[in-house]
Amino acid sequence: MAWFLPRLLLALAAVLIGFIVGVVVRSITGVEPLALGLGVLAGVITMMLTDAIRGYRLLEWLRGKQLNNAPRDTGLWGELGYRIERAVRDRDRSIDRERLALEQFLSAIEASPNGVLMLDPQEHILWCNGVAADHFALDPKRDLRQRITNLVRAPAFVAYLQAGRYAEPLVLGNGRGPGTLSIVVREYGEGQRLVLSLDVSERLRNDAMRRDFVANVSHEIRTPLTVLSGFIETMQQLPLTGVERERVLTLMSQQTQRMHMLVADLLTLSQLEGSPRPGSDRWVSLDALLARVAADAQALSGGRHVLNLKPHTGVEVAGIETELQSAVANLVNNAVRYTPDGGGIEVCWRQLEDGSGEITVVDSGPGISREHIPRLTERFYRVDGSRSRETGGTGLGLSIVKHVMQRHGGELMIQSELGKGSRFRLVLPAARVRTSSDAALGDEAAFSTAVSSDY
Ligand code: ADP
């Protein structure tokens, strides 16, 4: 009721003006009714004018964008302006809050790894996130309100969308490259639809790889098993002489050995995949490691090759000793196995300017033609299957080497040319290489710290 007093005062002012006008008119004209009439009229006009001016100002403010405050009047109009302004501000604040919530919601959907696309009942695009735009080759701004079936014309997609049976997802080729999408549609609101898309190419590739892997392992195990069961049958059914028996048992032992190696390599691979990345605080002397590899390689070669396997490196490398040794040993053993008698095999060490280092295994063997090189580290990939098996290969060696290097932050690089030998490089990052003198300095520093803290 704070507005009532100013209103009352205004009414009194209007009456006063009316009274003055009445008195003036009566003194000039002397006609009483005219003076009364004009006095009342003047009072009413005064009230109406002030109301009209204040109402107009409030109306003008309402017509605009209400950026400033409402006109600050006293009385009823002031109260009205203030109340309207408060309602407008409350509405603006709640619109801002809703807009913010909507923006956050949309940016959450935008960040989703899945494609999200909203369609109206006529299949027009209402909104889509970047992933959906990428999946369906759409422009998220330009293609809004376009009919999706005009833009994504894959017959399977159009039929799926229009059939309205969305219980099963649709699996669709991406159309751009070899990607594959899994598409799910959900209905909501009044005939709107939500189209969710997920790129499943990686999953399908992994499934295919897993199937291939199981098929390969089964094949690799079945071959020696078939040979073994053949020999067992022979021994059961045929009377063998001592010499024949000895020969069959040797062959059986070779096949058993082959299965043994295969299982060992499979176990190594699964351990490499399942265990955490090696820390870079366990240092291994590279010279000692190379000496052990060289001893095994000499035994394998049996003097058939010219070997130069023990460079003096004077460095230490950080990582898991057994893994690093198995990587180098795999390369050196391959070189021995594939290089014909009389050929040469060399192991070199080189430290690069950036501190990284590389162990290189070079041989003068048959070399590998260019098209095979990118596939050599695939499991069970062999250039010459019979030669590999003949020499006791499992087809997993280079795959193991690649895994070991990746786990140590390094890489395996292969250079080879048919008829000109091969060069396999194991590159280790700078953080995993230190010279033995650095190591001694480090130990000394640690010792002096311990000494100074003791005394
Ligand atoms: P495997 O057990 O068959 O040797 P790897 O994974 O170690 O399996 O090697 C994969 C293939 O790469 C081998 O089958 C062989 O064809 C080829 N290869 C590896 N090392 C050499 C090499 N030093 N010289 C020629 N070919 C090689």
# chains A, B, ... in the order shown; residues from 1 in each chain; ligands from 1
>>> residues_near_ligand(ligand="ligand 1", cutoff="6 Å", atoms="only C-alpha atoms and all ligand atoms", output="PyMOL selection string")
chain A and resi 334-335+338+365-368+376-377+381-384+388+393-399+422
>>> residues_around(residues="Val185 in chain A", least_positions_apart="6", cutoff="10 Å", atoms="only C-alpha atoms", output="PDB file with all heavy atoms, in the first residue's frame")
ATOM      1  N   VAL A 116      24.982 -38.736 -32.358  1.00  0.00           N
ATOM      2  CA  VAL A 116      23.605 -38.513 -31.903  1.00  0.00           C
ATOM      3  C   VAL A 116      22.926 -37.574 -32.889  1.00  0.00           C
ATOM      4  O   VAL A 116      23.438 -36.501 -33.187  1.00  0.00           O
ATOM      5  CB  VAL A 116      23.574 -37.875 -30.492  1.00  0.00           C
ATOM      6  CG1 VAL A 116      22.140 -37.686 -30.023  1.00  0.00           C
ATOM      7  CG2 VAL A 116      24.347 -38.715 -29.501  1.00  0.00           C
ATOM      8  N   LEU A 117      21.759 -37.994 -33.379  1.00  0.00           N
ATOM      9  CA  LEU A 117      21.063 -37.214 -34.400  1.00  0.00           C
ATOM     10  C   LEU A 117      19.575 -37.197 -34.031  1.00  0.00           C
ATOM     11  O   LEU A 117      19.012 -38.239 -33.713  1.00  0.00           O
ATOM     12  CB  LEU A 117      21.259 -37.977 -35.702  1.00  0.00           C
ATOM     13  CG  LEU A 117      21.192 -37.245 -37.005  1.00  0.00           C
ATOM     14  CD1 LEU A 117      22.295 -37.775 -37.874  1.00  0.00           C
ATOM     15  CD2 LEU A 117      19.902 -37.477 -37.688  1.00  0.00           C
ATOM     16  N   MET A 118      18.967 -35.989 -34.002  1.00  0.00           N
ATOM     17  CA  MET A 118      17.543 -35.923 -33.647  1.00  0.00           C
ATOM     18  C   MET A 118      16.737 -35.608 -34.896  1.00  0.00           C
ATOM     19  O   MET A 118      17.083 -34.667 -35.625  1.00  0.00           O
ATOM     20  CB  MET A 118      17.317 -34.834 -32.606  1.00  0.00           C
ATOM     21  CG  MET A 118      17.942 -35.172 -31.280  1.00  0.00           C
ATOM     22  SD  MET A 118      17.886 -33.739 -30.224  1.00  0.00           S
ATOM     23  CE  MET A 118      18.783 -34.321 -28.825  1.00  0.00           C
ATOM     24  N   TYR A 160      15.555 -49.078 -43.158  1.00  0.00           N
ATOM     25  CA  TYR A 160      15.520 -49.301 -41.701  1.00  0.00           C
ATOM     26  C   TYR A 160      14.748 -48.185 -41.012  1.00  0.00           C
ATOM     27  O   TYR A 160      13.886 -48.418 -40.169  1.00  0.00           O
ATOM     28  CB  TYR A 160      16.965 -49.367 -41.198  1.00  0.00           C
ATOM     29  CG  TYR A 160      17.122 -49.563 -39.710  1.00  0.00           C
ATOM     30  CD1 TYR A 160      16.842 -50.782 -39.116  1.00  0.00           C
ATOM     31  CD2 TYR A 160      17.585 -48.521 -38.906  1.00  0.00           C
ATOM     32  CE1 TYR A 160      17.014 -50.973 -37.756  1.00  0.00           C
ATOM     33  CE2 TYR A 160      17.755 -48.704 -37.540  1.00  0.00           C
ATOM     34  CZ  TYR A 160      17.468 -49.936 -36.971  1.00  0.00           C
ATOM     35  OH  TYR A 160      17.636 -50.104 -35.625  1.00  0.00           O
ATOM     36  N   LEU A 161      15.040 -46.940 -41.433  1.00  0.00           N
ATOM     37  CA  LEU A 161      14.406 -45.777 -40.797  1.00  0.00           C
ATOM     38  C   LEU A 161      12.898 -45.791 -41.057  1.00  0.00           C
ATOM     39  O   LEU A 161      12.100 -45.457 -40.184  1.00  0.00           O
ATOM     40  CB  LEU A 161      15.042 -44.502 -41.369  1.00  0.00           C
ATOM     41  CG  LEU A 161      14.912 -43.260 -40.543  1.00  0.00           C
ATOM     42  CD1 LEU A 161      15.630 -43.425 -39.218  1.00  0.00           C
ATOM     43  CD2 LEU A 161      15.510 -42.064 -41.297  1.00  0.00           C
ATOM     44  N   GLY A 164      10.425 -48.693 -39.308  1.00  0.00           N
ATOM     45  CA  GLY A 164       9.949 -48.441 -37.938  1.00  0.00           C
ATOM     46  C   GLY A 164      10.168 -49.611 -36.990  1.00  0.00           C
ATOM     47  O   GLY A 164       9.643 -49.614 -35.895  1.00  0.00           O
ATOM     48  N   ARG A 165      10.939 -50.622 -37.409  1.00  0.00           N
ATOM     49  CA  ARG A 165      11.227 -51.744 -36.486  1.00  0.00           C
ATOM     50  C   ARG A 165      12.672 -51.578 -36.014  1.00  0.00           C
ATOM     51  O   ARG A 165      13.613 -51.881 -36.747  1.00  0.00           O
ATOM     52  CB  ARG A 165      11.053 -53.077 -37.217  1.00  0.00           C
ATOM     53  CG  ARG A 165       9.584 -53.417 -37.485  1.00  0.00           C
ATOM     54  CD  ARG A 165       9.448 -54.822 -38.052  1.00  0.00           C
ATOM     55  NE  ARG A 165      10.123 -54.968 -39.326  1.00  0.00           N
ATOM     56  CZ  ARG A 165       9.604 -54.631 -40.503  1.00  0.00           C
ATOM     57  NH1 ARG A 165       8.367 -54.141 -40.559  1.00  0.00           N
ATOM     58  NH2 ARG A 165      10.288 -54.773 -41.614  1.00  0.00           N
ATOM     59  N   TYR A 166      12.793 -51.056 -34.783  1.00  0.00           N
ATOM     60  CA  TYR A 166      14.128 -50.652 -34.323  1.00  0.00           C
ATOM     61  C   TYR A 166      14.683 -51.549 -33.219  1.00  0.00           C
ATOM     62  O   TYR A 166      15.579 -51.155 -32.496  1.00  0.00           O
ATOM     63  CB  TYR A 166      14.084 -49.199 -33.825  1.00  0.00           C
ATOM     64  CG  TYR A 166      13.531 -48.236 -34.842  1.00  0.00           C
ATOM     65  CD1 TYR A 166      12.542 -47.324 -34.501  1.00  0.00           C
ATOM     66  CD2 TYR A 166      14.016 -48.232 -36.148  1.00  0.00           C
ATOM     67  CE1 TYR A 166      12.040 -46.437 -35.437  1.00  0.00           C
ATOM     68  CE2 TYR A 166      13.508 -47.354 -37.094  1.00  0.00           C
ATOM     69  CZ  TYR A 166      12.515 -46.461 -36.726  1.00  0.00           C
ATOM     70  OH  TYR A 166      12.031 -45.593 -37.656  1.00  0.00           O
ATOM     71  N   ALA A 167      14.095 -52.756 -33.067  1.00  0.00           N
ATOM     72  CA  ALA A 167      14.550 -53.626 -31.973  1.00  0.00           C
ATOM     73  C   ALA A 167      16.007 -54.035 -32.177  1.00  0.00           C
ATOM     74  O   ALA A 167      16.790 -54.055 -31.236  1.00  0.00           O
ATOM     75  CB  ALA A 167      13.657 -54.855 -31.890  1.00  0.00           C
ATOM     76  N   GLU A 168      16.383 -54.325 -33.424  1.00  0.00           N
ATOM     77  CA  GLU A 168      17.756 -54.739 -33.724  1.00  0.00           C
ATOM     78  C   GLU A 168      18.512 -53.561 -34.319  1.00  0.00           C
ATOM     79  O   GLU A 168      17.947 -52.807 -35.112  1.00  0.00           O
ATOM     80  CB  GLU A 168      17.746 -55.861 -34.775  1.00  0.00           C
ATOM     81  CG  GLU A 168      17.190 -57.178 -34.278  1.00  0.00           C
ATOM     82  CD  GLU A 168      18.067 -57.810 -33.223  1.00  0.00           C
ATOM     83  OE1 GLU A 168      19.297 -57.809 -33.412  1.00  0.00           O
ATOM     84  OE2 GLU A 168      17.517 -58.261 -32.196  1.00  0.00           O
ATOM     85  N   PRO A 169      19.786 -53.373 -33.975  1.00  0.00           N
ATOM     86  CA  PRO A 169      20.535 -52.275 -34.606  1.00  0.00           C
ATOM     87  C   PRO A 169      20.837 -52.598 -36.075  1.00  0.00           C
ATOM     88  O   PRO A 169      20.848 -53.767 -36.469  1.00  0.00           O
ATOM     89  CB  PRO A 169      21.827 -52.213 -33.789  1.00  0.00           C
ATOM     90  CG  PRO A 169      21.948 -53.533 -33.141  1.00  0.00           C
ATOM     91  CD  PRO A 169      20.584 -54.112 -33.007  1.00  0.00           C
ATOM     92  N   LEU A 170      21.072 -51.540 -36.840  1.00  0.00           N
ATOM     93  CA  LEU A 170      21.432 -51.740 -38.256  1.00  0.00           C
ATOM     94  C   LEU A 170      22.952 -51.627 -38.369  1.00  0.00           C
ATOM     95  O   LEU A 170      23.550 -50.692 -37.828  1.00  0.00           O
ATOM     96  CB  LEU A 170      20.776 -50.637 -39.097  1.00  0.00           C
ATOM     97  CG  LEU A 170      21.265 -50.518 -40.526  1.00  0.00           C
ATOM     98  CD1 LEU A 170      20.731 -51.650 -41.386  1.00  0.00           C
ATOM     99  CD2 LEU A 170      20.839 -49.182 -41.132  1.00  0.00           C
ATOM    100  N   ARG A 193      12.540 -38.846 -33.512  1.00  0.00           N
ATOM    101  CA  ARG A 193      13.401 -40.032 -33.385  1.00  0.00           C
ATOM    102  C   ARG A 193      14.834 -39.625 -33.071  1.00  0.00           C
ATOM    103  O   ARG A 193      15.305 -38.578 -33.532  1.00  0.00           O
ATOM    104  CB  ARG A 193      13.374 -40.832 -34.695  1.00  0.00           C
ATOM    105  CG  ARG A 193      12.210 -41.786 -34.739  1.00  0.00           C
ATOM    106  CD  ARG A 193      11.999 -42.356 -36.086  1.00  0.00           C
ATOM    107  NE  ARG A 193      11.437 -41.375 -37.004  1.00  0.00           N
ATOM    108  CZ  ARG A 193      11.102 -41.630 -38.254  1.00  0.00           C
ATOM    109  NH1 ARG A 193      11.279 -42.831 -38.734  1.00  0.00           N
ATOM    110  NH2 ARG A 193      10.597 -40.686 -39.014  1.00  0.00           N
ATOM    111  N   LEU A 194      15.451 -40.474 -32.273  1.00  0.00           N
ATOM    112  CA  LEU A 194      16.847 -40.267 -31.906  1.00  0.00           C
ATOM    113  C   LEU A 194      17.641 -41.350 -32.631  1.00  0.00           C
ATOM    114  O   LEU A 194      17.367 -42.534 -32.463  1.00  0.00           O
ATOM    115  CB  LEU A 194      16.967 -40.450 -30.391  1.00  0.00           C
ATOM    116  CG  LEU A 194      18.285 -40.104 -29.752  1.00  0.00           C
ATOM    117  CD1 LEU A 194      18.488 -38.594 -29.787  1.00  0.00           C
ATOM    118  CD2 LEU A 194      18.283 -40.572 -28.295  1.00  0.00           C
ATOM    119  N   VAL A 195      18.612 -40.913 -33.460  1.00  0.00           N
ATOM    120  CA  VAL A 195      19.429 -41.898 -34.188  1.00  0.00           C
ATOM    121  C   VAL A 195      20.807 -41.919 -33.541  1.00  0.00           C
ATOM    122  O   VAL A 195      21.471 -40.889 -33.470  1.00  0.00           O
ATOM    123  CB  VAL A 195      19.549 -41.505 -35.680  1.00  0.00           C
ATOM    124  CG1 VAL A 195      20.385 -42.535 -36.435  1.00  0.00           C
ATOM    125  CG2 VAL A 195      18.174 -41.364 -36.299  1.00  0.00           C
ATOM    126  N   LEU A 196      21.199 -43.071 -33.023  1.00  0.00           N
ATOM    127  CA  LEU A 196      22.513 -43.196 -32.377  1.00  0.00           C
ATOM    128  C   LEU A 196      23.412 -44.031 -33.277  1.00  0.00           C
ATOM    129  O   LEU A 196      22.996 -45.101 -33.743  1.00  0.00           O
ATOM    130  CB  LEU A 196      22.376 -43.898 -31.023  1.00  0.00           C
ATOM    131  CG  LEU A 196      21.443 -43.202 -30.031  1.00  0.00           C
ATOM    132  CD1 LEU A 196      21.152 -44.097 -28.856  1.00  0.00           C
ATOM    133  CD2 LEU A 196      22.078 -41.899 -29.566  1.00  0.00           C
ATOM    134  N   SER A 197      24.619 -43.539 -33.527  1.00  0.00           N
ATOM    135  CA  SER A 197      25.519 -44.318 -34.393  1.00  0.00           C
ATOM    136  C   SER A 197      26.838 -44.557 -33.671  1.00  0.00           C
ATOM    137  O   SER A 197      27.310 -43.706 -32.926  1.00  0.00           O
ATOM    138  CB  SER A 197      25.770 -43.559 -35.697  1.00  0.00           C
ATOM    139  OG  SER A 197      26.325 -42.296 -35.423  1.00  0.00           O
TER     140      SER A 197
END
>>> closest_atom_pairs(of="range 39-150 of chain A", to="range 17-30 of chain A", cutoff="7 Å", atoms="only C-alpha atoms", output="JSON lines")
{"residue": "A:Gly39", "atom": "CA", "partner": "A:Gly18", "partner_atom": "CA", "distance": 3.9}
{"residue": "A:Val40", "atom": "CA", "partner": "A:Gly18", "partner_atom": "CA", "distance": 5.4}
{"residue": "A:Ala42", "atom": "CA", "partner": "A:Gly18", "partner_atom": "CA", "distance": 4.9}
{"residue": "A:Gly43", "atom": "CA", "partner": "A:Gly18", "partner_atom": "CA", "distance": 4.3}
>>> select_by_dssp(residues="range 57-133 of chain A", states="alpha helix (DSSP H)", output="ChimeraX atom specification")
/A:57-63,75-110,130-133
>>> atom_distance(atom1="CA of Leu16 in chain A", atom2="CA of Ala2 in chain A")
22.5 Å
>>> select_by_dssp(residues="range 267-371 of chain A", states="strand (DSSP E or B)", output="list in words")
Trp283, Val284, Ser285, Val306, Leu307, Asn308, Val315, Glu316, Val317, Ala318, Gly344, Ile345, Glu346, Val347, Cys348, Trp349, Arg350, Gln351, Gly357, Glu358, Ile359, Thr360, Val361, Val362 and Asp363 of chain A
>>> closest_residue(among="A:Ser386, A:Thr50, A:Ser326, A:Ser94", to="Asp265 in chain A", atoms="only C-alpha atoms")
A:Ser326
>>> closest_residue(among="A:His403, A:Arg91, A:Arg63, A:Arg203", to="Ser270 in chain A", atoms="only C-alpha atoms")
A:His403
